[in-house]
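K.L.:
Okay, so here is coords-v2.txt, and as you'll see once you scroll down, it has compact mmCIF, C-alpha atoms and all ligand atoms.
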```txt
# COMPACT_ATOMS: atom_id res chain seq x y z
CA MET B 17 -152.15 46.70 7.52
CA THR B 18 -155.47 48.34 6.68
CA LYS B 19 -156.96 48.09 3.18
CA GLN B 20 -156.76 51.89 2.88
CA LEU B 21 -153.05 51.86 3.72
CA GLU B 22 -152.41 49.05 1.22
CA GLN B 23 -154.17 51.09 -1.48
CA LYS B 24 -152.13 54.19 -0.71
CA ILE B 25 -148.86 52.25 -0.78
CA ALA B 26 -149.89 50.80 -4.15
CA GLN B 27 -150.45 54.37 -5.38
CA LEU B 28 -146.84 55.33 -4.62
CA ASP B 29 -144.31 55.40 -7.42
CA LYS B 30 -141.52 53.26 -5.93
CA ASN B 31 -138.97 54.93 -8.22
CA ARG B 32 -139.73 58.39 -6.86
CA ILE B 33 -139.59 57.85 -3.13
CA PRO B 34 -138.00 60.94 -1.52
CA VAL B 35 -134.44 60.32 -0.37
CA HIS B 36 -134.76 62.63 2.63
CA VAL B 37 -137.89 63.50 4.61
CA ALA B 38 -137.75 66.05 7.44
CA MET B 39 -140.54 66.48 9.97
CA ILE B 40 -141.70 69.11 12.46
CA MET B 41 -143.60 67.09 15.03
CA ASP B 42 -146.14 69.62 16.29
CA GLY B 43 -149.40 69.30 18.22
CA ASN B 44 -148.55 67.08 21.19
CA GLY B 45 -149.68 69.69 23.71
CA ARG B 46 -152.99 70.36 21.98
CA TRP B 47 -153.62 66.63 21.57
CA ALA B 48 -153.18 66.15 25.32
CA LYS B 49 -155.29 69.18 26.24
CA SER B 50 -158.14 68.06 23.99
CA LYS B 51 -158.26 64.81 25.96
CA GLY B 52 -158.01 66.48 29.37
CA PHE B 53 -154.44 65.23 29.88
CA VAL B 54 -151.29 67.18 30.80
CA ARG B 55 -149.04 68.35 27.93
CA SER B 56 -146.36 65.78 28.71
CA ASP B 57 -148.85 62.97 28.03
CA GLY B 58 -148.99 64.29 24.49
CA HIS B 59 -145.22 63.97 24.16
CA ALA B 60 -145.39 60.41 25.52
CA GLU B 61 -148.05 59.54 22.94
CA GLY B 62 -145.92 61.28 20.32
CA VAL B 63 -143.18 58.69 20.84
CA SER B 64 -145.53 56.06 19.33
CA THR B 65 -145.84 58.21 16.20
CA VAL B 66 -142.02 58.49 16.03
CA HIS B 67 -141.90 54.68 16.18
CA ARG B 68 -144.46 54.26 13.37
CA VAL B 69 -143.03 56.96 11.14
CA THR B 70 -139.53 55.50 11.49
CA LYS B 71 -140.73 52.00 10.64
CA LEU B 72 -142.73 53.15 7.61
CA SER B 73 -139.86 55.32 6.35
CA SER B 74 -137.52 52.37 6.65
CA ASP B 75 -139.97 50.00 4.93
CA LEU B 76 -140.47 52.44 2.05
CA GLY B 77 -136.73 52.77 1.46
CA ILE B 78 -136.44 56.41 2.50
CA LYS B 79 -132.74 56.99 3.19
CA TYR B 80 -132.87 59.88 5.70
CA LEU B 81 -135.56 60.87 8.20
CA THR B 82 -134.86 64.05 10.18
CA LEU B 83 -137.02 64.78 13.22
CA TYR B 84 -137.23 68.06 15.16
CA ALA B 85 -137.38 66.50 18.61
CA PHE B 86 -136.31 69.51 20.70
CA SER B 87 -135.48 73.02 19.54
CA THR B 88 -133.11 75.53 21.12
CA GLU B 89 -136.21 77.58 21.97
CA ASN B 90 -137.85 74.60 23.69
CA TRP B 91 -135.43 75.10 26.63
CA ASN B 92 -137.68 78.06 27.55
CA ARG B 93 -140.69 75.81 28.23
CA PRO B 94 -141.78 75.13 31.85
CA GLN B 95 -139.03 73.12 33.58
CA ASP B 96 -141.26 70.12 34.29
CA GLU B 97 -142.13 69.81 30.58
CA VAL B 98 -138.45 70.09 29.61
CA ASP B 99 -137.57 67.42 32.22
CA THR B 100 -140.28 65.08 30.91
CA LEU B 101 -139.15 65.54 27.31
CA MET B 102 -135.53 64.83 28.24
CA TYR B 103 -136.57 61.74 30.19
CA LEU B 104 -138.80 60.56 27.31
CA ILE B 105 -136.06 61.00 24.71
CA GLY B 106 -133.63 58.87 26.77
CA TRP B 107 -136.28 56.29 27.60
CA ALA B 108 -137.51 56.03 24.01
CA ILE B 109 -134.07 55.62 22.46
CA GLU B 110 -133.17 52.90 24.96
CA ARG B 111 -136.46 51.06 24.43
CA GLU B 112 -136.33 51.34 20.63
CA LEU B 113 -132.70 50.34 20.18
CA PRO B 114 -133.26 46.59 19.56
CA GLU B 115 -135.85 47.31 16.87
CA LEU B 116 -133.74 50.06 15.32
CA LEU B 117 -130.88 47.57 15.06
CA ALA B 118 -133.18 44.86 13.69
CA ASN B 119 -134.30 47.32 10.99
CA ASN B 120 -130.73 48.43 10.19
CA VAL B 121 -131.51 52.04 11.25
CA LYS B 122 -128.57 54.33 11.95
CA ILE B 123 -129.00 57.03 14.62
CA ASN B 124 -127.45 60.44 14.04
CA LEU B 125 -127.65 63.41 16.43
CA LEU B 126 -127.86 67.02 15.27
CA GLY B 127 -127.73 70.03 17.61
CA GLU B 128 -126.03 71.17 20.81
CA ILE B 129 -126.07 67.66 22.26
CA GLU B 130 -123.80 68.74 25.13
CA ARG B 131 -126.78 70.69 26.55
CA ILE B 132 -128.83 67.47 26.93
CA PRO B 133 -128.71 66.19 30.56
CA GLU B 134 -126.13 63.47 31.26
CA GLU B 135 -128.45 60.45 31.50
CA PRO B 136 -130.41 60.82 28.24
CA ARG B 137 -127.23 62.09 26.53
CA GLN B 138 -125.38 58.89 27.41
CA LYS B 139 -128.31 56.81 26.10
CA LEU B 140 -128.27 58.79 22.86
CA PHE B 141 -124.50 58.34 22.46
CA TYR B 142 -124.87 54.64 23.21
CA ALA B 143 -127.54 54.26 20.52
CA ARG B 144 -125.49 56.26 18.03
CA ASN B 145 -122.44 54.05 18.62
CA ALA B 146 -124.48 50.82 18.59
CA THR B 147 -126.07 51.68 15.24
CA ALA B 148 -122.97 53.22 13.60
CA HIS B 149 -122.58 50.19 11.32
CA CYS B 150 -126.22 50.24 10.10
CA THR B 151 -126.73 50.92 6.41
CA GLY B 152 -130.51 51.35 6.16
CA LEU B 153 -132.52 54.44 7.12
CA GLN B 154 -130.52 57.17 8.84
CA LEU B 155 -132.62 58.72 11.60
CA ASN B 156 -131.37 62.23 12.32
CA MET B 157 -132.64 63.43 15.68
CA CYS B 158 -132.47 67.22 16.06
CA LEU B 159 -131.98 67.95 19.74
CA SER B 160 -131.31 71.38 21.15
CA TYR B 161 -131.20 72.36 17.50
CA SER B 162 -132.06 75.59 15.76
CA SER B 163 -131.07 76.75 12.33
CA ARG B 164 -129.88 80.17 13.43
CA TRP B 165 -127.65 78.52 16.06
CA GLU B 166 -126.30 76.20 13.36
CA ILE B 167 -125.66 78.96 10.81
CA THR B 168 -124.07 81.23 13.45
CA ASP B 169 -121.78 78.35 14.38
CA VAL B 170 -120.75 77.93 10.74
CA VAL B 171 -119.99 81.66 10.47
CA LYS B 172 -117.81 81.42 13.60
CA LYS B 173 -115.92 78.39 12.25
CA LEU B 174 -115.31 79.96 8.83
CA ALA B 175 -114.30 83.32 10.34
CA THR B 176 -111.79 81.52 12.58
CA LEU B 177 -110.35 79.57 9.63
CA ALA B 178 -110.08 82.78 7.62
CA ALA B 179 -108.40 84.64 10.53
CA GLN B 180 -105.90 81.78 10.79
CA GLY B 181 -105.18 82.10 7.08
CA LYS B 182 -106.43 78.54 6.46
CA ILE B 183 -109.11 79.60 3.98
CA ASN B 184 -109.42 82.52 1.60
CA PRO B 185 -112.77 84.33 2.19
CA GLU B 186 -113.00 84.95 -1.57
CA GLU B 187 -113.03 81.20 -2.15
CA ILE B 188 -115.94 80.41 0.19
CA THR B 189 -118.70 78.70 -1.81
CA GLU B 190 -122.13 77.30 -0.95
CA ASP B 191 -120.42 73.91 -0.60
CA THR B 192 -117.93 75.36 1.91
CA VAL B 193 -120.87 76.47 4.04
CA ALA B 194 -122.84 73.22 3.60
CA ASP B 195 -119.76 71.22 4.62
CA GLN B 196 -119.70 73.00 8.00
CA LEU B 197 -123.39 72.49 8.81
CA THR B 198 -124.47 69.72 11.20
CA THR B 199 -125.98 68.07 8.12
CA ALA B 200 -122.68 67.92 6.18
CA GLY B 201 -122.74 64.92 3.85
CA ILE B 202 -126.55 64.53 4.09
CA PRO B 203 -128.53 65.52 0.98
CA ASP B 204 -131.04 68.34 1.51
CA PRO B 205 -134.58 67.25 2.46
CA ASP B 206 -136.80 66.56 -0.53
CA LEU B 207 -139.91 66.91 1.60
CA LEU B 208 -140.62 68.73 4.85
CA ILE B 209 -143.79 67.73 6.69
CA ARG B 210 -145.21 69.80 9.54
CA THR B 211 -148.06 68.40 11.60
CA GLY B 212 -150.33 70.38 13.92
CA GLY B 213 -151.91 72.82 11.48
CA GLU B 214 -149.42 75.69 11.77
CA PHE B 215 -147.78 77.19 8.68
CA ARG B 216 -144.33 77.95 10.06
CA ILE B 217 -140.78 76.66 9.77
CA SER B 218 -139.81 77.52 13.37
CA ASN B 219 -136.06 77.89 12.90
CA TYR B 220 -135.66 74.43 11.34
CA LEU B 221 -133.13 73.52 8.61
CA LEU B 222 -133.39 76.99 7.03
CA TRP B 223 -130.37 76.49 4.76
CA GLN B 224 -131.20 72.91 3.87
CA ILE B 225 -134.86 73.41 2.86
CA ALA B 226 -134.12 76.01 0.15
CA TYR B 227 -135.72 73.72 -2.45
CA SER B 228 -137.65 71.26 -0.30
CA GLU B 229 -141.32 70.63 -0.95
CA LEU B 230 -143.35 71.78 2.06
CA TYR B 231 -146.38 69.86 3.31
CA PHE B 232 -148.60 71.03 6.17
CA THR B 233 -151.22 68.82 7.75
CA PRO B 234 -153.77 69.66 10.47
CA ALA B 235 -153.22 66.24 12.09
CA LEU B 236 -151.75 66.63 15.57
CA TRP B 237 -148.49 64.65 15.90
CA PRO B 238 -149.91 61.84 18.10
CA ASP B 239 -152.74 61.42 15.54
CA PHE B 240 -150.45 61.55 12.47
CA SER B 241 -151.21 58.14 10.98
CA ASP B 242 -149.45 56.00 8.40
CA GLU B 243 -152.26 56.99 6.02
CA ASP B 244 -151.52 60.68 6.68
CA TYR B 245 -147.83 60.04 5.95
CA LEU B 246 -148.71 58.27 2.71
CA ASP B 247 -150.95 61.21 1.72
CA ALA B 248 -147.95 63.53 2.13
CA LEU B 249 -145.74 61.24 0.02
CA ILE B 250 -148.38 60.94 -2.71
CA ASP B 251 -148.82 64.72 -2.73
CA PHE B 252 -145.04 65.10 -3.01
CA GLN B 253 -144.95 62.75 -5.99
CA ASN B 254 -147.59 64.83 -7.76
CA ARG B 255 -145.50 67.99 -7.62
CA GLU B 256 -143.08 69.20 -10.25
CA ARG B 257 -139.73 70.18 -8.71
CA ARG B 258 -138.18 72.84 -10.93
CA PHE B 259 -135.23 74.10 -8.83
CA GLY B 260 -135.57 77.55 -10.43
CA MET B 261 -135.85 76.21 -13.99
CA THR B 262 -138.87 76.29 -16.30
CA SER B 263 -141.23 73.36 -16.64
CA ASP B 264 -140.02 72.80 -20.25
CA GLN B 265 -136.41 72.60 -19.09
CA VAL B 266 -137.31 70.08 -16.39
CA HIS B 267 -139.07 67.89 -18.97
CA ALA B 268 -136.19 68.19 -21.43
CA ASN B 269 -133.76 67.03 -18.72
CA ASN B 270 -135.85 63.98 -17.78
C1 LIG J 301 -144.19 69.93 19.62
O1 LIG J 301 -145.51 69.83 20.13
C2 LIG J 301 -143.38 68.77 19.98
C3 LIG J 301 -142.22 68.83 20.71
C4 LIG J 301 -141.65 70.08 21.20
C5 LIG J 301 -141.49 67.62 21.07
C6 LIG J 301 -141.56 66.45 20.16
C7 LIG J 301 -141.17 65.26 20.94
C8 LIG J 301 -141.68 64.01 20.81
C9 LIG J 301 -142.63 63.63 19.77
C10 LIG J 301 -141.30 62.94 21.77
C11 LIG J 301 -139.91 62.49 21.83
C12 LIG J 301 -139.16 62.38 20.56
C13 LIG J 301 -138.31 61.39 20.19
C14 LIG J 301 -137.52 61.56 18.92
C15 LIG J 301 -138.14 60.13 20.93
P1 LIG J 301 -146.05 71.00 21.05
O2 LIG J 301 -145.77 70.64 22.46
O3 LIG J 301 -145.47 72.31 20.64
O4 LIG J 301 -147.57 70.94 20.75
P2 LIG J 301 -148.61 72.16 20.77
O5 LIG J 301 -148.26 73.04 19.59
O6 LIG J 301 -149.92 71.47 20.59
O7 LIG J 301 -148.48 72.84 22.09
```
Translate this structure into structure tokens?
Ligand code: FPP
P.N.:
Amino acid sequence: MTKQLEQKIAQLDKNRIPVHVAMIMDGNGRWAKSKGFVRSDGHAEGVSTVHRVTKLSSDLGIKYLTLYAFSTENWNRPQDEVDTLMYLIGWAIERELPELLANNVKINLLGEIERIPEEPRQKLFYARNATAHCTGLQLNMCLSYSSRWEITDVVKKLATLAAQGKINPEEITEDTVADQLTTAGIPDPDLLIRTGGEFRISNYLLWQIAYSELYFTPALWPDFSDEDYLDALIDFQNRERRFGMTSDQVHANN
């Protein structure tokens, strides 16, 4: 561990570690291009960042880490890039499984997983089953995921239940909706980090991030270092989360 990283970890308030961190891993393509490589090399390098970020999250006692690994819209990328990403996801999960188990990390899959090709899908299912008993960090991998797909799916489910007379539309609450999302049972992200310098949400966890703190960094995903992650966590800890209340109310409640 570098001295700088040690100092940043010491700066963290261990009692205010976010429970749930979500990440948009952007910038792999630009990273590769800047080095004269093909885009897929950036995704391959990005797997190392996934490894580091998972380990650090686990070490810091973060309970949920949610990664946007492949969006619904990513299916529209050139076929060779899609194929490489699918291969990489299967390869990475298989390679990482022993260490995930050693670190008590539980794998969870969010999205239209049935659209993932058979081979990586089976590797993902295998990892999910093998880590089902783990009680440490829960790593939520969003694959073929988009928020509008997810919310549309919830509307369909609730409309069907209402048409069958199983629920009364008048009694639908925010909790009813949240319980039908892919993230049911998972607390909303406290912090959303986007790498790659863009200021967008890109159809990610739109319902769940209603009150998340947003953090944007110019670091491209393969370059996103442990120090960069710590900077985001320190920044998060310096913010006042008011959830629609006044600052005075927040202080009175603490
Ligand atoms: C966005 O960068 C990144 C992706 C679409 C894929 C992210 C995938 C990985 C990091 C590798 C596999 C993941 C796991 C969980 C094993 P971009 O291609 O849009 O970059 P650009 O904006 O520079 O073009």
K.L.:
Nearest to ligand LIG 301 (chain J): which of B:Asp239, B:Glu22, B:Glu134, B:Asp29 is it, counting only C-alpha atoms and all ligand atoms?
P.N.:
B:Asp239
K.L.:
Could you give me, as a list of chain:residue names, every polymer residue with an atom at most 6 Å away from an atom of ligand LIG 301 (chain J), counting only C-alpha atoms and all ligand atoms?
P.N.:
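Going residue by residue within 6 Å of ligand LIG 301 (chain J), we get B:Met41, B:Asp42, B:Gly43, B:Asn44, B:Gly45, B:Arg46, B:His59, B:Gly62, B:Val63, B:Ala85, B:Phe86, B:Leu104, B:Ile105, B:Ala108.
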K.L.:
Output the selection as a PDB file, in the frame of the given file - C-alpha atoms for each residue.
P.N.:
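Written file, selection.pdb:
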```
ATOM      1  CA  MET B  41    -143.600  67.090  15.030  1.00  0.00           C
ATOM      2  CA  ASP B  42    -146.140  69.620  16.290  1.00  0.00           C
ATOM      3  CA  GLY B  43    -149.400  69.300  18.220  1.00  0.00           C
ATOM      4  CA  ASN B  44    -148.550  67.080  21.190  1.00  0.00           C
ATOM      5  CA  GLY B  45    -149.680  69.690  23.710  1.00  0.00           C
ATOM      6  CA  ARG B  46    -152.990  70.360  21.980  1.00  0.00           C
ATOM      7  CA  HIS B  59    -145.220  63.970  24.160  1.00  0.00           C
ATOM      8  CA  GLY B  62    -145.920  61.280  20.320  1.00  0.00           C
ATOM      9  CA  VAL B  63    -143.180  58.690  20.840  1.00  0.00           C
ATOM     10  CA  ALA B  85    -137.380  66.500  18.610  1.00  0.00           C
ATOM     11  CA  PHE B  86    -136.310  69.510  20.700  1.00  0.00           C
ATOM     12  CA  LEU B 104    -138.800  60.560  27.310  1.00  0.00           C
ATOM     13  CA  ILE B 105    -136.060  61.000  24.710  1.00  0.00           C
ATOM     14  CA  ALA B 108    -137.510  56.030  24.010  1.00  0.00           C
TER      15      ALA B 108
END
```
K.L.:
Could you please determine the separation between CA of Ser73 (chain B) and CA of Val193 (chain B) in Å, to one decimal place?
P.N.:
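Pair CA of Ser73 (chain B) / CA of Val193 (chain B) returns 28.5 Å.
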K.L.:
In Å, how far is it from CA of Leu159 (chain B) to CA of Ile250 (chain B)?
P.N.:
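One can read the CA of Leu159 (chain B) to CA of Ile250 (chain B) distance as 28.7 Å.
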K.L.:
Find the residues around region 169-184 of chain B up to 10 Å (all atoms listed in the file counted), leave out those fewer than 6 positions away in its own chain, and share them as a list of chain:residue names.
P.N.:
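In the requested format, the answer is B:Ser163, B:Thr192, B:Val193, B:Ala194, B:Asp195, B:Gln196, B:Leu197, B:Thr198.
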K.L.:
Can those selected residues be exported to a file as a PDB file, keeping the file's coordinate frame so that it contains C-alpha atoms?
P.N.:
```pdb
ATOM      1  CA  SER B 163    -131.070  76.750  12.330  1.00  0.00           C
ATOM      2  CA  THR B 192    -117.930  75.360   1.910  1.00  0.00           C
ATOM      3  CA  VAL B 193    -120.870  76.470   4.040  1.00  0.00           C
ATOM      4  CA  ALA B 194    -122.840  73.220   3.600  1.00  0.00           C
ATOM      5  CA  ASP B 195    -119.760  71.220   4.620  1.00  0.00           C
ATOM      6  CA  GLN B 196    -119.700  73.000   8.000  1.00  0.00           C
ATOM      7  CA  LEU B 197    -123.390  72.490   8.810  1.00  0.00           C
ATOM      8  CA  THR B 198    -124.470  69.720  11.200  1.00  0.00           C
TER       9      THR B 198
END
```
K.L.:
Closest to Ile33 (chain B) among B:Glu166, B:Glu135, B:Asp75, B:Asp57, using all atoms listed in the file?
P.N.:
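Closest candidate: B:Asp75.
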K.L.:
With a distance cut-off of 7 Å and all atoms listed in the file, select the neighbouring residues of Phe232 (chain B), excluding the residue or stretch itself and same-chain residues fewer than 2 positions from it, and output the selection as a ChimeraX atom specification.
P.N.:
/B:209-211,213,215,230,234
K.L.:
Please put the answer as AutoDock Vina command-line options: centre and edge lengths, in Å with one decimal, of a box along x, y and z that encloses all listed atoms of region 109-118 of chain B plus 4 Å on each side.
P.N.:
```
--center_x -133.7 --center_y 50.2 --center_z 19.3 --size_x 13.6 --size_y 18.8 --size_z 19.3
```
K.L.:
What gap, in Å, lies between CA of Asp251 (chain B) and CA of Glu214 (chain B)?
P.N.:
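One can read the CA of Asp251 (chain B) to CA of Glu214 (chain B) distance as 18.2 Å.
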K.L.:
Write out as a list in words which residues come within 12 Å of Asn124 (chain B) when counting only C-alpha atoms, dropping same-chain ones fewer than 4 positions away.
P.N.:
Tyr80, Leu81, Thr82, Leu83, Ile109, Ile129, Leu140, Phe141, Tyr142, Ala143, Arg144, Asn145, Ala146, Thr147, Ala148, His149, Cys150, Leu153, Gln154, Leu155, Asn156, Met157, Cys158, Leu159, Thr198, Thr199, Ala200 and Ile202 of chain B
K.L.:
List the neighbours of Ile132 (chain B) out to 9 Å using all atoms listed in the file; skip same-chain residues closer than 5 positions along the sequence, and give me the result as a ChimeraX atom specification.
P.N.:
/B:102,137,159-160
K.L.:
When you count all atoms listed in the file, which of these residues is closest to Ser162 (chain B): B:Gln95, B:Asn119, B:Thr88, B:Gln224?
P.N.:
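Looking at the shortest contact to Ser162 (chain B), the residue is B:Thr88.
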